[in-house]
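Asker: Structure provided below as structure tokens; questions to follow.
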Amino acid sequence: MIRFEHVTKRYADGTTAVDDLSFEVADGELVTLVGPSGCGKTTTMKMVNRLIEPTSGRIFLDGEDISTVDPVELRRRIGYVIQQVGLFPHKTVLDNTATVPHLLGVKRAKARARAAELLELVGLDPSVYGERYPEQLSGGQRQRVGVARALAADPPVLLMDEPFGAVDPVVREHLQNEFLRLQAAVRKTVLFVTHDIEEAVRLGDRIAVYGSGRIEQYDAPATVLGAPATEYVADFVGADRGLKRLSVTPIEEGDLHQPPVVRLDDPLSRAAEQLRAEGAQWAVVLDAEGNLHGWIAAEHTLRKGTVRDRARRMEAWLPVGASLKQAFSTMLQHDAGWIAVIDEDSVGRFLGVLTPATLHAALRRSTAADAKSVTRAEVDLETVPVGK
Ligand SMILES: Nc1ncnc2c1ncn2[C@@H]1O[C@H](COP(=O)(O)OP(=O)(O)OP(=O)(O)O)[C@@H](O)[C@H]1O
């Protein structure tokens, strides 16, 4: 765990880069520091591995005041990834990755074997890339080697300063997704500096939004987007924050609409009656186990036979917990007026459907829930003004 207590950094020329900063990063948590250029993000980060010393205040790593720890020993516990990766140009990718463990006394063969594993983990096939030199890699591949190298000594803490800043947006998104997958496996405590709010939102368990030398808000991404603490934060996250929020708001069971449901082996006549009784144009079709099979339109029930004969397979579905953005994009992709939502743990137990109207309601409910610090289920939409 990393804890800042009233930390201030004033440079020799009188610039106050960080002003009385107090915050905490839990073990295994990924915190993004985001803010405009010059607001003190890099200074904050470099104080953690003592590349910069605070003017006042204290920083603790696992309860230990880092000013009492030898900087070299401290840095062994902290991986560091920066934008200009700083790979050794005359060493192969494998040797670059193995450098730190080797320096720490791990035998060369063992360090190289571990390095190969790490390259694999960051998505670089060691048999293809291991013997290349850094100049023979793309920018994105070099960044991955940087991440692999930072992980090589298995430090509990990672500091990452705009690590994906130098690559184009497509590669960047790819690296971000890979990094999230990696982080889910290794669960490091990560401080991640970026000036890009999209990146901060996508990666962070929590986001620290910096004003000048200070944190204006420190919250989960959905809260920062849905309930910005100050005008400054609202401006920084942008006018399209509702749209950004879609990507960090998961589908919950309570959001779902319950349409008529029929079974594969039901006679069509019974399905027709049910649809008529409920005044519905279509029904969801489940198999005998209650798993999603597809759907059937009312006009297709007006014949003899069973639902199985006329049901269509359903392509537009998502597991509960997927984001509202995924839901919206699945609807668009399949040109569907609704999507089915299934249980993520079972093989496809049907839970309900999401329509444009329920999707919008879910977004409004989750924004209101964050503003009032209650769960989404506790929000009565009738009391939420439209347009908020
Ligand atoms: N060595 C230094 N001497 C004096 N001022 C400095 C020094 N290093 C940084 N600063 C100033 O401290 C402030 C914070 O700098 P810092 O690099 O921490 O910001 P940042 O948020 O990381 O910016 P960027 O996104 O541009 O990297 C800036 O005003 C910067 O000019």
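Convention: chains lettered A, B, ... in structure tokens order; per-chain residue numbering from 1; ligands numbered from 1 as shown.
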Which residues are near A:Thr97? Cut-off 9 Å, only C-alpha atoms, ignore same chain within fewer than 6 positions. Put them as a PyMOL selection string.
Answerer: chain A and resi 87+111-112+114-116+118-119+145-146+148-152
Asker: Deliver the residues from the most recent selection as a file, using C-alpha atoms, as a short mmCIF file (atom, residue, chain, number, x, y, z; two decimals), in the first residue's frame.
Answerer:
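File written: part.cif
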data_model
loop_
_atom_site.label_atom_id
_atom_site.label_comp_id
_atom_site.auth_asym_id
_atom_site.auth_seq_id
_atom_site.Cartn_x
_atom_site.Cartn_y
_atom_site.Cartn_z
CA LEU A 87 16.02 -0.09 -23.48
CA ALA A 111 16.84 -14.84 -15.54
CA ARG A 112 16.51 -15.43 -19.28
CA ARG A 114 11.88 -15.86 -16.59
CA ALA A 115 12.32 -13.06 -19.16
CA ALA A 116 10.93 -15.33 -21.88
CA LEU A 118 7.32 -12.30 -19.19
CA LEU A 119 7.63 -11.52 -22.90
CA VAL A 145 9.33 -4.85 -23.51
CA GLY A 146 9.42 -1.89 -21.10
CA ALA A 148 8.02 -6.88 -19.19
CA ARG A 149 11.31 -5.47 -17.92
CA ALA A 150 9.61 -3.56 -15.11
CA LEU A 151 7.87 -6.78 -14.03
CA ALA A 152 11.01 -8.90 -14.24
#
Asker: Pick out the residues no farther than 12 Å from ligand 1, counting only C-alpha atoms and all ligand atoms, and list them as an NGL selection string.
Answerer: :A and (8-19 or 33-47 or 51-54 or 82-83 or 160-163 or 165 or 192-196 or 208-215)
Asker: Out of stretch 43-208 of chain A, which residues get alpha helix (DSSP H) from DSSP, as a CSV table (one decimal) with N, CA and C atoms, in the first residue's frame?
Answerer:
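Result file follows (selection-v6.csv):
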chain,number,residue,atom,x,y,z
A,43,THR,N,6.0,14.6,-10.8
A,43,THR,CA,6.7,14.9,-9.5
A,43,THR,C,6.1,13.9,-8.4
A,44,THR,N,4.8,13.8,-8.4
A,44,THR,CA,4.2,12.9,-7.4
A,44,THR,C,4.8,11.5,-7.5
A,45,MET,N,4.9,11.0,-8.8
A,45,MET,CA,5.3,9.6,-9.0
A,45,MET,C,6.8,9.5,-8.6
A,46,LYS,N,7.6,10.4,-9.0
A,46,LYS,CA,9.1,10.3,-8.8
A,46,LYS,C,9.4,10.4,-7.3
A,47,MET,N,8.5,10.9,-6.5
A,47,MET,CA,8.8,10.9,-5.0
A,47,MET,C,8.6,9.6,-4.4
A,48,VAL,N,7.9,8.7,-5.1
A,48,VAL,CA,7.6,7.3,-4.6
A,48,VAL,C,8.9,6.5,-4.7
A,71,PRO,N,17.5,4.2,-1.1
A,71,PRO,CA,16.9,4.4,-2.4
A,71,PRO,C,17.1,3.2,-3.3
A,72,VAL,N,18.3,2.6,-3.3
A,72,VAL,CA,18.5,1.5,-4.2
A,72,VAL,C,17.7,0.3,-3.8
A,73,GLU,N,17.7,0.0,-2.5
A,73,GLU,CA,16.9,-1.1,-2.0
A,73,GLU,C,15.4,-0.8,-2.3
A,74,LEU,N,15.0,0.4,-2.1
A,74,LEU,CA,13.6,0.8,-2.4
A,74,LEU,C,13.2,0.6,-3.8
A,75,ARG,N,14.1,0.9,-4.8
A,75,ARG,CA,13.7,0.8,-6.2
A,75,ARG,C,13.6,-0.7,-6.6
A,76,ARG,N,14.2,-1.6,-5.9
A,76,ARG,CA,14.0,-3.0,-6.2
A,76,ARG,C,12.6,-3.4,-6.0
A,93,VAL,N,16.3,-8.2,-26.9
A,93,VAL,CA,15.0,-8.0,-26.1
A,93,VAL,C,15.1,-8.9,-24.9
A,94,LEU,N,15.5,-10.1,-25.1
A,94,LEU,CA,15.5,-11.1,-24.0
A,94,LEU,C,16.5,-10.6,-22.9
A,95,ASP,N,17.7,-10.2,-23.3
A,95,ASP,CA,18.7,-9.7,-22.3
A,95,ASP,C,18.2,-8.4,-21.6
A,96,ASN,N,17.6,-7.5,-22.4
A,96,ASN,CA,17.0,-6.3,-21.8
A,96,ASN,C,16.1,-6.7,-20.7
A,97,THR,N,15.2,-7.6,-20.9
A,97,THR,CA,14.2,-8.0,-20.0
A,97,THR,C,14.8,-8.7,-18.8
A,98,ALA,N,15.9,-9.4,-19.0
A,98,ALA,CA,16.5,-10.2,-17.9
A,98,ALA,C,17.5,-9.4,-17.1
A,99,THR,N,17.8,-8.1,-17.5
A,99,THR,CA,18.9,-7.4,-16.9
A,99,THR,C,18.7,-7.2,-15.4
A,100,VAL,N,17.5,-6.8,-14.9
A,100,VAL,CA,17.4,-6.5,-13.5
A,100,VAL,C,17.5,-7.7,-12.6
A,101,PRO,N,16.8,-8.8,-12.9
A,101,PRO,CA,17.0,-10.0,-12.1
A,101,PRO,C,18.4,-10.5,-12.1
A,102,HIS,N,19.1,-10.4,-13.3
A,102,HIS,CA,20.5,-10.8,-13.4
A,102,HIS,C,21.4,-9.9,-12.4
A,103,LEU,N,21.1,-8.6,-12.4
A,103,LEU,CA,21.8,-7.7,-11.6
A,103,LEU,C,21.6,-8.0,-10.1
A,108,ARG,N,22.1,-16.3,-14.9
A,108,ARG,CA,21.7,-15.8,-16.2
A,108,ARG,C,20.7,-16.7,-16.9
A,109,ALA,N,20.9,-18.0,-16.9
A,109,ALA,CA,20.0,-18.9,-17.6
A,109,ALA,C,18.6,-18.8,-17.0
A,110,LYS,N,18.5,-18.7,-15.6
A,110,LYS,CA,17.2,-18.6,-15.0
A,110,LYS,C,16.6,-17.2,-15.3
A,111,ALA,N,17.4,-16.2,-15.3
A,111,ALA,CA,16.8,-14.8,-15.5
A,111,ALA,C,16.3,-14.8,-17.0
A,112,ARG,N,17.0,-15.4,-17.9
A,112,ARG,CA,16.5,-15.4,-19.3
A,112,ARG,C,15.2,-16.3,-19.4
A,113,ALA,N,15.1,-17.4,-18.7
A,113,ALA,CA,13.9,-18.2,-18.8
A,113,ALA,C,12.7,-17.4,-18.3
A,114,ARG,N,12.9,-16.7,-17.2
A,114,ARG,CA,11.9,-15.9,-16.6
A,114,ARG,C,11.5,-14.7,-17.6
A,115,ALA,N,12.5,-14.1,-18.2
A,115,ALA,CA,12.3,-13.1,-19.2
A,115,ALA,C,11.5,-13.6,-20.3
A,116,ALA,N,11.7,-14.8,-20.8
A,116,ALA,CA,10.9,-15.3,-21.9
A,116,ALA,C,9.5,-15.5,-21.5
A,117,GLU,N,9.2,-15.9,-20.2
A,117,GLU,CA,7.9,-16.0,-19.7
A,117,GLU,C,7.2,-14.7,-19.7
A,118,LEU,N,7.9,-13.6,-19.3
A,118,LEU,CA,7.3,-12.3,-19.2
A,118,LEU,C,7.0,-11.7,-20.6
A,119,LEU,N,7.9,-12.0,-21.5
A,119,LEU,CA,7.6,-11.5,-22.9
A,119,LEU,C,6.3,-12.1,-23.4
A,120,GLU,N,6.2,-13.4,-23.1
A,120,GLU,CA,5.0,-14.1,-23.5
A,120,GLU,C,3.8,-13.4,-22.9
A,121,LEU,N,3.9,-13.1,-21.6
A,121,LEU,CA,2.8,-12.5,-20.8
A,121,LEU,C,2.4,-11.1,-21.4
A,126,PRO,N,8.6,-14.9,-27.5
A,126,PRO,CA,10.1,-14.8,-27.3
A,126,PRO,C,10.9,-15.5,-28.4
A,127,SER,N,10.3,-16.5,-29.0
A,127,SER,CA,11.1,-17.2,-30.1
A,127,SER,C,11.1,-16.3,-31.4
A,128,VAL,N,10.2,-15.3,-31.5
A,128,VAL,CA,10.2,-14.4,-32.6
A,128,VAL,C,11.0,-13.1,-32.2
A,129,TYR,N,10.8,-12.6,-31.0
A,129,TYR,CA,11.3,-11.3,-30.7
A,129,TYR,C,12.5,-11.3,-29.7
A,139,GLY,N,7.2,0.8,-32.1
A,139,GLY,CA,7.0,1.6,-30.8
A,139,GLY,C,6.2,0.8,-29.8
A,140,GLY,N,5.1,0.2,-30.2
A,140,GLY,CA,4.3,-0.5,-29.3
A,140,GLY,C,5.0,-1.7,-28.7
A,141,GLN,N,5.7,-2.4,-29.6
A,141,GLN,CA,6.5,-3.6,-29.1
A,141,GLN,C,7.5,-3.2,-28.1
A,142,ARG,N,8.2,-2.0,-28.3
A,142,ARG,CA,9.2,-1.5,-27.3
A,142,ARG,C,8.5,-1.2,-26.0
A,143,GLN,N,7.3,-0.7,-26.0
A,143,GLN,CA,6.6,-0.4,-24.8
A,143,GLN,C,6.3,-1.7,-24.0
A,144,ARG,N,6.0,-2.7,-24.8
A,144,ARG,CA,5.7,-4.0,-24.1
A,144,ARG,C,6.9,-4.5,-23.4
A,145,VAL,N,8.1,-4.4,-24.1
A,145,VAL,CA,9.3,-4.8,-23.5
A,145,VAL,C,9.6,-4.0,-22.2
A,146,GLY,N,9.3,-2.7,-22.3
A,146,GLY,CA,9.4,-1.9,-21.1
A,146,GLY,C,8.6,-2.4,-19.9
A,147,VAL,N,7.3,-2.8,-20.2
A,147,VAL,CA,6.5,-3.4,-19.2
A,147,VAL,C,7.0,-4.7,-18.7
A,148,ALA,N,7.5,-5.6,-19.6
A,148,ALA,CA,8.0,-6.9,-19.2
A,148,ALA,C,9.3,-6.7,-18.3
A,149,ARG,N,10.1,-5.7,-18.7
A,149,ARG,CA,11.3,-5.5,-17.9
A,149,ARG,C,11.0,-5.0,-16.5
A,150,ALA,N,10.0,-4.1,-16.4
A,150,ALA,CA,9.6,-3.6,-15.1
A,150,ALA,C,9.1,-4.7,-14.2
A,151,LEU,N,8.5,-5.7,-14.8
A,151,LEU,CA,7.9,-6.8,-14.0
A,151,LEU,C,8.9,-7.9,-13.7
A,169,PRO,N,-3.2,5.9,-31.6
A,169,PRO,CA,-4.3,5.6,-30.8
A,169,PRO,C,-4.8,4.1,-30.8
A,170,VAL,N,-4.6,3.5,-32.0
A,170,VAL,CA,-5.1,2.1,-32.2
A,170,VAL,C,-4.2,1.2,-31.4
A,171,VAL,N,-2.9,1.3,-31.5
A,171,VAL,CA,-1.9,0.5,-30.8
A,171,VAL,C,-2.1,0.8,-29.3
A,172,ARG,N,-2.3,2.0,-29.0
A,172,ARG,CA,-2.5,2.4,-27.6
A,172,ARG,C,-3.6,1.7,-26.9
A,173,GLU,N,-4.8,1.6,-27.6
A,173,GLU,CA,-5.9,1.0,-27.0
A,173,GLU,C,-5.6,-0.5,-26.9
A,174,HIS,N,-4.9,-1.1,-27.8
A,174,HIS,CA,-4.5,-2.5,-27.8
A,174,HIS,C,-3.6,-2.7,-26.5
A,175,LEU,N,-2.6,-1.8,-26.4
A,175,LEU,CA,-1.7,-2.0,-25.2
A,175,LEU,C,-2.5,-1.8,-23.9
A,176,GLN,N,-3.4,-0.9,-23.9
A,176,GLN,CA,-4.2,-0.7,-22.6
A,176,GLN,C,-5.0,-2.0,-22.3
A,177,ASN,N,-5.6,-2.6,-23.3
A,177,ASN,CA,-6.4,-3.8,-23.0
A,177,ASN,C,-5.5,-4.9,-22.6
A,178,GLU,N,-4.3,-5.0,-23.2
A,178,GLU,CA,-3.4,-6.1,-22.8
A,178,GLU,C,-2.9,-5.8,-21.4
A,179,PHE,N,-2.6,-4.6,-21.1
A,179,PHE,CA,-2.2,-4.3,-19.8
A,179,PHE,C,-3.2,-4.6,-18.7
A,180,LEU,N,-4.5,-4.3,-19.0
A,180,LEU,CA,-5.6,-4.6,-18.1
A,180,LEU,C,-5.6,-6.1,-17.8
A,181,ARG,N,-5.4,-6.9,-18.9
A,181,ARG,CA,-5.5,-8.4,-18.8
A,181,ARG,C,-4.3,-8.8,-17.9
A,182,LEU,N,-3.1,-8.2,-18.1
A,182,LEU,CA,-1.9,-8.6,-17.4
A,182,LEU,C,-2.1,-8.2,-15.9
A,183,GLN,N,-2.7,-7.0,-15.7
A,183,GLN,CA,-2.9,-6.5,-14.3
A,183,GLN,C,-3.8,-7.4,-13.5
A,184,ALA,N,-4.9,-7.9,-14.3
A,184,ALA,CA,-5.8,-8.8,-13.6
A,184,ALA,C,-5.1,-10.1,-13.1
A,185,ALA,N,-4.0,-10.5,-13.8
A,185,ALA,CA,-3.3,-11.7,-13.4
A,185,ALA,C,-2.2,-11.4,-12.4
A,186,VAL,N,-1.5,-10.3,-12.5
A,186,VAL,CA,-0.4,-10.0,-11.5
A,186,VAL,C,-0.8,-9.1,-10.3
A,197,ILE,N,-7.8,11.7,-20.3
A,197,ILE,CA,-8.9,11.2,-19.4
A,197,ILE,C,-9.5,9.9,-19.9
A,198,GLU,N,-9.5,9.6,-21.2
A,198,GLU,CA,-10.0,8.3,-21.7
A,198,GLU,C,-9.2,7.2,-21.1
A,199,GLU,N,-7.9,7.4,-21.2
A,199,GLU,CA,-7.0,6.3,-20.7
A,199,GLU,C,-7.2,6.2,-19.2
A,200,ALA,N,-7.3,7.3,-18.5
A,200,ALA,CA,-7.5,7.2,-17.0
A,200,ALA,C,-8.7,6.5,-16.7
A,201,VAL,N,-9.8,6.7,-17.4
A,201,VAL,CA,-11.1,6.1,-17.1
A,201,VAL,C,-11.0,4.6,-17.5
A,202,ARG,N,-10.4,4.3,-18.6
A,202,ARG,CA,-10.4,2.9,-19.0
A,202,ARG,C,-9.5,2.0,-18.0
A,203,LEU,N,-8.4,2.6,-17.5
A,203,LEU,CA,-7.5,1.7,-16.8
A,203,LEU,C,-7.7,1.8,-15.3
Asker: Would you mind listing what lies within 8 Å of A:Leu246 as JSON, numbers by chain, with only C-alpha atoms counted and same-chain residues fewer than 5 positions away left out?
Answerer: {"A": [323, 324, 325, 363]}
Asker: Keeping C-alpha atoms, export the residues of the selection given above as a JSON list (two decimals), in the first residue's frame.
Answerer:
[["chain", "number", "residue", "atom", "x", "y", "z"],
["A", 323, "SER", "CA", -20.52, -2.22, -19.93],
["A", 324, "LEU", "CA", -23.46, -0.18, -21.17],
["A", 325, "LYS", "CA", -21.17, 0.93, -23.99],
["A", 363, "LEU", "CA", -27.35, 5.32, -17.07]]
Asker: Quick one: of A:Glu378, A:Asp205, A:Glu315, A:Glu5, who's nearest to A:His334, counting only C-alpha atoms?
Answerer: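 Ranking A:Glu378, A:Asp205, A:Glu315, A:Glu5 by distance to A:His334, first place goes to A:Glu315.
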Asker: Can you pull out the residues contacting A:Ala297? Cut-off 8 Å, using only C-alpha atoms, and skip same-chain residues under 4 positions away; I want them as a list of chain:residue names.
Answerer: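 These residues fall inside the cut-off: A:Gln281, A:Trp282, A:Ala283, A:Thr301.
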Asker: Please, could you write that set of residues out with C-alpha atoms as a PDB file, in the first residue's frame?
Answerer:
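And here is the file that came out, result-v1.pdb:
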ATOM      1  CA  GLN A 281     -44.531  -8.327 -30.694  1.00  0.00           C
ATOM      2  CA  TRP A 282     -41.851 -10.866 -29.805  1.00  0.00           C
ATOM      3  CA  ALA A 283     -40.724 -13.263 -27.109  1.00  0.00           C
ATOM      4  CA  THR A 301     -46.440 -17.987 -34.053  1.00  0.00           C
TER       5      THR A 301
END
Asker: How far is it from atom CA of A:Glu252 to atom CA of A:Ala371, in Å with one decimal?
Answerer: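 Value for the atom CA of A:Glu252-atom CA of A:Ala371 distance: 17.9 Å.
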Asker: Using DSSP on the backbone, list every residue of stretch 68-223 of chain A that comes out as strand (DSSP E), and give them as a PyMOL selection string.
Answerer: chain A and resi 78-82+157-161+189-194+206-210+215-219
Asker: Could you write out the selected residues, including N, CA and C atoms, as a short mmCIF file (atom, residue, chain, number, x, y, z; two decimals), in the first residue's frame?
Answerer:
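Contents of selection-v3.cif, freshly written:
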data_model
loop_
_atom_site.label_atom_id
_atom_site.label_comp_id
_atom_site.auth_asym_id
_atom_site.auth_seq_id
_atom_site.Cartn_x
_atom_site.Cartn_y
_atom_site.Cartn_z
N ILE A 78 10.11 -1.52 -6.62
CA ILE A 78 9.24 -0.66 -7.44
C ILE A 78 9.66 -0.73 -8.91
N GLY A 79 8.79 -1.27 -9.75
CA GLY A 79 9.06 -1.26 -11.19
C GLY A 79 8.73 0.12 -11.76
N TYR A 80 9.45 0.53 -12.79
CA TYR A 80 9.29 1.89 -13.31
C TYR A 80 9.23 1.81 -14.83
N VAL A 81 8.14 2.30 -15.40
CA VAL A 81 7.99 2.29 -16.85
C VAL A 81 7.75 3.72 -17.31
N ILE A 82 8.55 4.18 -18.26
CA ILE A 82 8.38 5.55 -18.74
C ILE A 82 8.15 5.55 -20.25
N VAL A 157 5.11 -3.04 -6.54
CA VAL A 157 4.60 -1.73 -6.96
C VAL A 157 5.13 -1.39 -8.36
N LEU A 158 4.25 -0.82 -9.18
CA LEU A 158 4.67 -0.35 -10.51
C LEU A 158 4.36 1.13 -10.63
N LEU A 159 5.33 1.90 -11.10
CA LEU A 159 5.09 3.30 -11.43
C LEU A 159 5.14 3.41 -12.94
N MET A 160 4.13 3.97 -13.54
CA MET A 160 4.09 4.04 -15.00
C MET A 160 3.80 5.48 -15.41
N ASP A 161 4.76 6.09 -16.10
CA ASP A 161 4.62 7.50 -16.47
C ASP A 161 4.36 7.62 -17.97
N THR A 189 0.36 -3.11 -7.31
CA THR A 189 -0.14 -1.80 -6.88
C THR A 189 0.45 -0.79 -7.87
N VAL A 190 -0.42 -0.12 -8.63
CA VAL A 190 0.08 0.67 -9.76
C VAL A 190 -0.31 2.14 -9.63
N LEU A 191 0.67 3.01 -9.83
CA LEU A 191 0.41 4.44 -10.04
C LEU A 191 0.69 4.70 -11.50
N PHE A 192 -0.30 5.23 -12.21
CA PHE A 192 -0.21 5.36 -13.66
C PHE A 192 -0.49 6.81 -14.04
N VAL A 193 0.51 7.50 -14.57
CA VAL A 193 0.35 8.90 -14.94
C VAL A 193 -0.11 9.02 -16.39
N THR A 194 -1.11 9.84 -16.62
CA THR A 194 -1.53 10.11 -18.00
C THR A 194 -2.15 11.50 -18.06
N ARG A 206 -9.31 3.58 -9.52
CA ARG A 206 -9.66 4.92 -9.06
C ARG A 206 -8.85 5.92 -9.86
N ILE A 207 -9.38 7.14 -9.96
CA ILE A 207 -8.70 8.21 -10.68
C ILE A 207 -8.43 9.36 -9.72
N ALA A 208 -7.20 9.88 -9.76
CA ALA A 208 -6.92 11.12 -9.04
C ALA A 208 -6.85 12.22 -10.09
N VAL A 209 -7.82 13.13 -10.07
CA VAL A 209 -7.83 14.22 -11.03
C VAL A 209 -7.06 15.39 -10.42
N TYR A 210 -5.97 15.77 -11.07
CA TYR A 210 -5.12 16.84 -10.56
C TYR A 210 -5.55 18.20 -11.08
N ILE A 215 -4.99 17.35 -5.68
CA ILE A 215 -6.00 16.43 -6.22
C ILE A 215 -7.37 17.07 -6.04
N GLU A 216 -8.07 17.25 -7.14
CA GLU A 216 -9.41 17.86 -7.08
C GLU A 216 -10.47 16.81 -6.76
N GLN A 217 -10.23 15.58 -7.24
CA GLN A 217 -11.18 14.50 -6.94
C GLN A 217 -10.45 13.17 -7.01
N TYR A 218 -10.80 12.28 -6.08
CA TYR A 218 -10.17 10.96 -6.05
C TYR A 218 -11.28 9.94 -5.88
N ASP A 219 -11.68 9.31 -6.97
CA ASP A 219 -12.86 8.45 -6.95
C ASP A 219 -12.79 7.40 -8.05
#
Asker: Suppose you want the space between atom CA of A:Gly352 and atom CA of A:Pro259; what is it in Å?
Answerer: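 Atom CA of A:Gly352 sits 7.2 Å away from atom CA of A:Pro259.
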Asker: Near A:Arg58, counting only C-alpha atoms, which residues have an atom at most 7 Å away, once you skip same-chain residues fewer than 3 positions from it, shown as a list of chain:residue names?
Answerer: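 Everything that qualifies: A:Phe4, A:Glu5, A:His6, A:Val7, A:Asp65.
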Asker: With only C-alpha atoms as the atoms that count, which of A:Arg77, A:Arg132, A:Lys188, A:Arg349 lies nearest to A:Glu289?
Answerer: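 Distance minimum relative to A:Glu289 lands on A:Arg349.
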